[in-house]
Structure formats: C-alpha cells, structure tokens
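S.K.: One structure is given below, represented as structure tokens, and several questions about it will come after.
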Amino acid sequence: MNWISNYVRPKINSLFSRREVPENLWTKCSECGTMLFHRELAENLNVCSNCDHHMAISPRDRFKALFDSGIFTEVKVPEPVVDPLHFKDQKKYPDRLKAAQKTTGEKEAMLVAEGEMGRTPIVAVAQDFSFMAGSMGMYVGNAILAAAERAVKLKRPLVLFSAAGGARMQEGILSLMQMPRTTVAVQMLKEARLPYVVVLTHPTTGGVTASYAMLGDVQISEPNALICFAGPRVIEQTIREKLPEGFQRAEYLLDHGMLDRVTHRKQMRDELTNILRMLTGQSPAVKGDLPAPTAPEPAPVPPAPAAG
C-alpha cells in the first residue's frame with residue numbers, strides 16, 4: 001500500500017479543496033434581482049424584503065402562517081380516477097403526476113384544511129402553482145366540493161386561495177366539467193348562508209377565473225397578481241393593440257371594480273379575520289386573545305391517621 005497516495009494526498013486535498021455551497025440557500029427575486037437568504041425569505045412569508053414582490057408560497061406554508069399557532073387539520077379529499085383519458089404528450093400523464101408529487105411533496109394541486117384563524121373557526125383551501133401550474137383537474141373539483149361540504153357541516157366560513165394556469169389539459173373535458181361542479185359547491189355555501197371569501201394570488205387565469213375564483217362574497221388579491229381569463233399576450237396578438245400599463249393586474253382590477261381589496265400577504269390573516277367575524281356577526285378580534293389559564297386542581301389531602 002502506498003501510504004503517500006492513499007492517505008497523505010487525500011488529506012491535503014481535503015484541507016485545500018473548495019467547499020461547495022448548497023444552491024438552495026439563496027433565492028433570487030424575479031422582480032428586482034436581489035439575492036435573499038432562504039430563512040429570512042421564509043420568515044417574511046416569501047415576500048421580497050427589498051421590493052415587496054410577492055413570490056409563490058406553498059399551501060402548507062401559507063396555512064402555517066394563517067392558522068393560530070400554525071395548527072390545522074387536513075380534510076380528506078376523495079381520490080378521482082387516475083389518467084381517465086390515457087393522455088400522453090412528451091410524457092405520460094401518470095409520469096407527470098409522479099414528478100410533480102416528488103417536486104412538491106404534495107399529493108395534488110390543492111390542499112384543504114380546517115382550524116382557527118384569530119380564534120375564528122374556518123375551512124380553508126389553497127392551490128399550489130408549483131404542482132403542474134396549479135391546474136384544475138378532477139382532484140381540484142373534488143377538493144372544493146369536500147371543503148364546501150365540510151364548511152356546511154361545521155357551519156364555518158370557507159376561505160379559498162387561488163393560483164392556477166387554468167384547466168388541466170391532460171384531463172380534457174373532465175377538467176372543464178369542474179367549472180360547473182365547483183359553482184355548485186359555492187351555491188351550497190350560499191344556501192347555508194355561510195361566507196365564501198376568495199384570495200386571488202399570482203397568477204389566477206383560465207377556467208379557474210371563469211368559475212370559483214370569481215364567485216366569492218368578498219374578493220381579495222395579493223399585490224400585483226395577474227388575474228385574467230386569457231393572458232395579456234394573447235389579447236395583444238388578437239386585437240393588435242398595446243394594452244394599458246398594469247392591465248389585468250390586481251391594482252388595475254381594483255380600480256375597475258372587480259376586486260374589493262388588495263392586501264399585503266403579511267396583513268392577510270388580520271384582514272380575513274376581521275372580514276369573517278363581521279360577516280358572521282361576531283365581535284372584533286382582540287389582539288393576544290388567549291384562553292384564560294385554568295387554576296391547577298388542589299392536591300388531595302391525605303386522610304388523618306386513626307386515633308389510638
């Protein structure tokens with residue numbers, strides 16, 4: 001055994017070799033280009049600390065910030081038939097689903113949960129744009145129906161966070177059928193006289209905008225979110241005209257009466273709590289409102305020794 005090549009050289013190389021820095025420690029803001037440390041970005045709810053650009057956030061991280069103490073219970077969603085059309089483009093549809101599940105760690109593009117937000121019991125639904133662009137398929141339709149049925153059963157408001165590129169082409173007409181199905185789910189809430197509040201996030205487009213995303217009793221949006229049916233590029237190519245600055249963005253739609261609020265992500269929890277408590281006839285939320293501490297039970301008194 002050559003101890004110089006087998007021991008000494010690797011030891012020297014390890015001392016002088018460059019240490020690799022993990023690529024996922026920093027995120028570049030797509031709006032201003034600032035490099036953001038991942039922990040600081042997560043603490044700021046994926047909002048750029050330099051330009052205030054709202055980046056995508058997963059439903060699970062959103063719910064941790066939304067619910068009291070980050071505690072929530074997932075609502076079970078019925079499983080639809082996988083690949084009903086046996087669709088294949090560059091990849092088979094089941095392979096695309098598996099890749100998206102591996103990337104996101106989630107089963108599908110929508111998460112349903114229940115819990116308390118500012119001491120207000122709610123049911124919440126959120127779409128994950130990183131899962132096949134948050135596309136609306138049969139699972140998403142099932143998720144909204146399950147959320148509406150759970151809200152009606154528990155007599156709770158429903159809050160929905162939309163983020164989608166439209167209907168899922170791999171499910172064809174079956175994905176388009178979710179538009180009337182989700183409209184029925186919203187009607188269930190209205191008949192039960194329960195509030196339905198929609199928070200539109202970037203981007204919300206296509207058949208999602210044409211159905212449940214625009215049927216809320218109150219329509220809120222995050223800043224600068226793209227909200228549309230057909231995108232601005234498609235419209236410009238069709239009418240051959242330049243669109244106004246900020247067209248189809250949240251602030252433009254607020255000015256033209258399509259939205260009720262444009263709210264910063266860090267203020268969203270308080271805004272939703274106030275709106276829902278007002279719509280349900282409850283008193284305003286109190287900051288730091290916690291259950292009163294319970295007095296400890298007195299220790300049992302040992303019996304007195306018998307005389308004698």
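Quick note on naming: the chains in the structure tokens go A, B, ... in the order shown, residues restart at 1 in each chain, and ligands are numbered from 1 in order of appearance.
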With only C-alpha atoms as the counted atoms, please give the residues lying no more than 7 Å from stretch 78-86 of chain A, apart from itself and same-chain residues fewer than 5 positions off, as a ChimeraX atom specification.

M.R.: /A:93-94,138-139,142,171

S.K.: Which residues are close to A:Ala146, i.e. within 10 Å by only C-alpha atoms, leaving aside same-chain residues fewer than 2 positions away? Reply as a list of chain:residue names.

M.R.: A:Val75, A:Lys76, A:Val77, A:Pro78, A:Val112, A:Val125, A:Val140, A:Gly141, A:Asn142, A:Ala143, A:Ile144, A:Ala148, A:Glu149, A:Arg150, A:Ala151, A:Val152, A:Ala185

S.K.: What does the distance from atom CA of A:Ile57 to atom CA of A:Ser162 come to in Å, to one decimal?

M.R.: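 Computing it gives 11.6 Å between the two atoms.
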
S.K.: If you run DSSP on the backbone, which residues of stretch 14-187 of chain A are alpha helix (DSSP H), as a ChimeraX atom specification?

M.R.: /A:14-16,38-43,59-66,93-104,138-154,172-176,178-187

S.K.: Give me a file of those residues, with C-alpha atoms, as a tab-separated table (two decimals), in the first residue's frame.

M.R.:
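selection.tsv, written as the output of this step:
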```
chain	number	residue	atom	x	y	z
A	14	SER	CA	-9.44	17.87	1.73
A	15	LEU	CA	-7.74	20.76	3.53
A	16	PHE	CA	-7.34	22.92	0.43
A	38	HIS	CA	-33.83	31.30	2.46
A	39	ARG	CA	-34.52	31.61	6.19
A	40	GLU	CA	-35.15	35.35	6.04
A	41	LEU	CA	-37.37	34.85	2.99
A	42	ALA	CA	-39.42	32.16	4.76
A	43	GLU	CA	-39.84	34.36	7.85
A	59	PRO	CA	-50.33	25.92	0.62
A	60	ARG	CA	-48.79	24.22	3.65
A	61	ASP	CA	-46.54	27.20	4.45
A	62	ARG	CA	-49.46	29.56	3.87
A	63	PHE	CA	-51.64	27.61	6.29
A	64	LYS	CA	-48.90	27.62	8.94
A	65	ALA	CA	-48.95	31.42	8.82
A	66	LEU	CA	-52.75	31.62	8.57
A	93	TYR	CA	-49.81	11.78	-17.56
A	94	PRO	CA	-49.09	9.47	-14.58
A	95	ASP	CA	-45.38	10.21	-15.01
A	96	ARG	CA	-46.09	13.96	-14.87
A	97	LEU	CA	-48.13	13.46	-11.70
A	98	LYS	CA	-45.34	11.47	-10.05
A	99	ALA	CA	-42.76	14.13	-10.98
A	100	ALA	CA	-44.95	16.89	-9.54
A	101	GLN	CA	-45.57	14.89	-6.36
A	102	LYS	CA	-41.84	14.34	-5.94
A	103	THR	CA	-41.04	18.03	-6.50
A	104	THR	CA	-43.72	19.46	-4.20
A	138	MET	CA	-60.90	16.32	-11.11
A	139	TYR	CA	-58.97	16.28	-7.82
A	140	VAL	CA	-59.27	20.08	-7.52
A	141	GLY	CA	-63.01	19.82	-8.15
A	142	ASN	CA	-63.29	17.10	-5.50
A	143	ALA	CA	-61.25	19.23	-3.08
A	144	ILE	CA	-63.54	22.25	-3.41
A	145	LEU	CA	-66.64	20.09	-3.03
A	146	ALA	CA	-65.13	18.40	0.05
A	147	ALA	CA	-64.25	21.80	1.54
A	148	ALA	CA	-67.76	23.18	0.91
A	149	GLU	CA	-69.43	20.09	2.39
A	150	ARG	CA	-67.16	20.29	5.45
A	151	ALA	CA	-67.88	24.01	5.87
A	152	VAL	CA	-71.64	23.40	5.67
A	153	LYS	CA	-71.44	20.50	8.13
A	154	LEU	CA	-69.42	22.54	10.67
A	172	GLY	CA	-59.67	17.24	-21.29
A	173	ILE	CA	-63.43	17.77	-20.98
A	174	LEU	CA	-63.36	16.22	-17.49
A	175	SER	CA	-61.29	19.17	-16.24
A	176	LEU	CA	-63.74	21.65	-17.80
A	178	GLN	CA	-65.08	21.08	-12.73
A	179	MET	CA	-66.26	24.60	-13.54
A	180	PRO	CA	-69.98	23.80	-13.01
A	181	ARG	CA	-69.15	21.34	-10.19
A	182	THR	CA	-67.30	23.99	-8.20
A	183	THR	CA	-70.07	26.50	-8.92
A	184	VAL	CA	-72.50	24.04	-7.30
A	185	ALA	CA	-70.16	23.86	-4.28
A	186	VAL	CA	-70.22	27.64	-3.93
A	187	GLN	CA	-74.03	27.61	-4.20
```

S.K.: So which residues of stretch 47-273 of chain A fall under strand (DSSP E) by DSSP, listed as an NGL selection string?

M.R.: :A and (73-74 or 110-117 or 120-127 or 158-164 or 196-204 or 218-221 or 261-262)

S.K.: Keeping only C-alpha atoms, take the residues you just selected and write them out as a PDB file, in the first residue's frame.

M.R.:
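What landed in result23.pdb:
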```pdb
ATOM      1  CA  THR A  73     -56.196  19.553  10.355  1.00  0.00           C
ATOM      2  CA  GLU A  74     -56.232  18.323   6.777  1.00  0.00           C
ATOM      3  CA  MET A 110     -54.941  21.661  -3.802  1.00  0.00           C
ATOM      4  CA  LEU A 111     -54.809  21.350  -0.020  1.00  0.00           C
ATOM      5  CA  VAL A 112     -57.904  21.510   2.214  1.00  0.00           C
ATOM      6  CA  ALA A 113     -57.643  22.235   5.937  1.00  0.00           C
ATOM      7  CA  GLU A 114     -59.714  23.298   8.925  1.00  0.00           C
ATOM      8  CA  GLY A 115     -58.744  25.141  12.085  1.00  0.00           C
ATOM      9  CA  GLU A 116     -58.952  28.509  13.810  1.00  0.00           C
ATOM     10  CA  MET A 117     -57.718  31.834  12.451  1.00  0.00           C
ATOM     11  CA  THR A 120     -62.384  32.165  14.272  1.00  0.00           C
ATOM     12  CA  PRO A 121     -63.143  28.594  13.093  1.00  0.00           C
ATOM     13  CA  ILE A 122     -62.805  28.280   9.301  1.00  0.00           C
ATOM     14  CA  VAL A 123     -62.273  25.836   6.452  1.00  0.00           C
ATOM     15  CA  ALA A 124     -59.534  26.857   4.001  1.00  0.00           C
ATOM     16  CA  VAL A 125     -58.492  25.698   0.535  1.00  0.00           C
ATOM     17  CA  ALA A 126     -55.286  26.637  -1.291  1.00  0.00           C
ATOM     18  CA  GLN A 127     -53.886  25.840  -4.727  1.00  0.00           C
ATOM     19  CA  LEU A 158     -64.781  28.955   3.573  1.00  0.00           C
ATOM     20  CA  VAL A 159     -61.625  30.806   2.508  1.00  0.00           C
ATOM     21  CA  LEU A 160     -60.065  29.897  -0.847  1.00  0.00           C
ATOM     22  CA  PHE A 161     -56.602  30.882  -2.131  1.00  0.00           C
ATOM     23  CA  SER A 162     -56.441  30.547  -5.914  1.00  0.00           C
ATOM     24  CA  ALA A 163     -53.276  30.160  -8.011  1.00  0.00           C
ATOM     25  CA  ALA A 164     -53.686  28.406 -11.341  1.00  0.00           C
ATOM     26  CA  TYR A 196     -67.167  32.452   0.964  1.00  0.00           C
ATOM     27  CA  VAL A 197     -64.056  34.628   0.654  1.00  0.00           C
ATOM     28  CA  VAL A 198     -61.605  34.290  -2.240  1.00  0.00           C
ATOM     29  CA  VAL A 199     -57.981  35.439  -2.117  1.00  0.00           C
ATOM     30  CA  LEU A 200     -56.563  35.599  -5.642  1.00  0.00           C
ATOM     31  CA  THR A 201     -52.799  35.143  -5.859  1.00  0.00           C
ATOM     32  CA  HIS A 202     -50.346  35.363  -8.749  1.00  0.00           C
ATOM     33  CA  PRO A 203     -51.329  34.045 -11.229  1.00  0.00           C
ATOM     34  CA  THR A 204     -55.018  33.145 -11.401  1.00  0.00           C
ATOM     35  CA  VAL A 218     -65.595  39.170  -0.890  1.00  0.00           C
ATOM     36  CA  GLN A 219     -62.803  39.233  -3.485  1.00  0.00           C
ATOM     37  CA  ILE A 220     -59.290  39.968  -2.178  1.00  0.00           C
ATOM     38  CA  SER A 221     -55.987  39.847  -4.030  1.00  0.00           C
ATOM     39  CA  ARG A 261     -59.331  44.647  -1.592  1.00  0.00           C
ATOM     40  CA  VAL A 262     -55.637  44.366  -2.458  1.00  0.00           C
TER      41      VAL A 262
END
```

S.K.: Rounded to one decimal, what separation in Å do you get between atom CA of A:Gly246 and atom CA of A:Val47?

M.R.: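 So the answer is 19.8 Å.
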
S.K.: Would you mind reading off the distance between atom CA of A:Val234 and atom CA of A:Met177, one decimal, in Å?

M.R.: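 One can read the atom CA of A:Val234 to atom CA of A:Met177 distance as 23.9 Å.
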
S.K.: Here is a test: counting only C-alpha atoms, which residue of A:Gly118, A:Ala210, A:Thr27, A:Glu241 is nearest to A:Asp68?

M.R.: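 For A:Asp68, the nearest of the candidates is A:Gly118.
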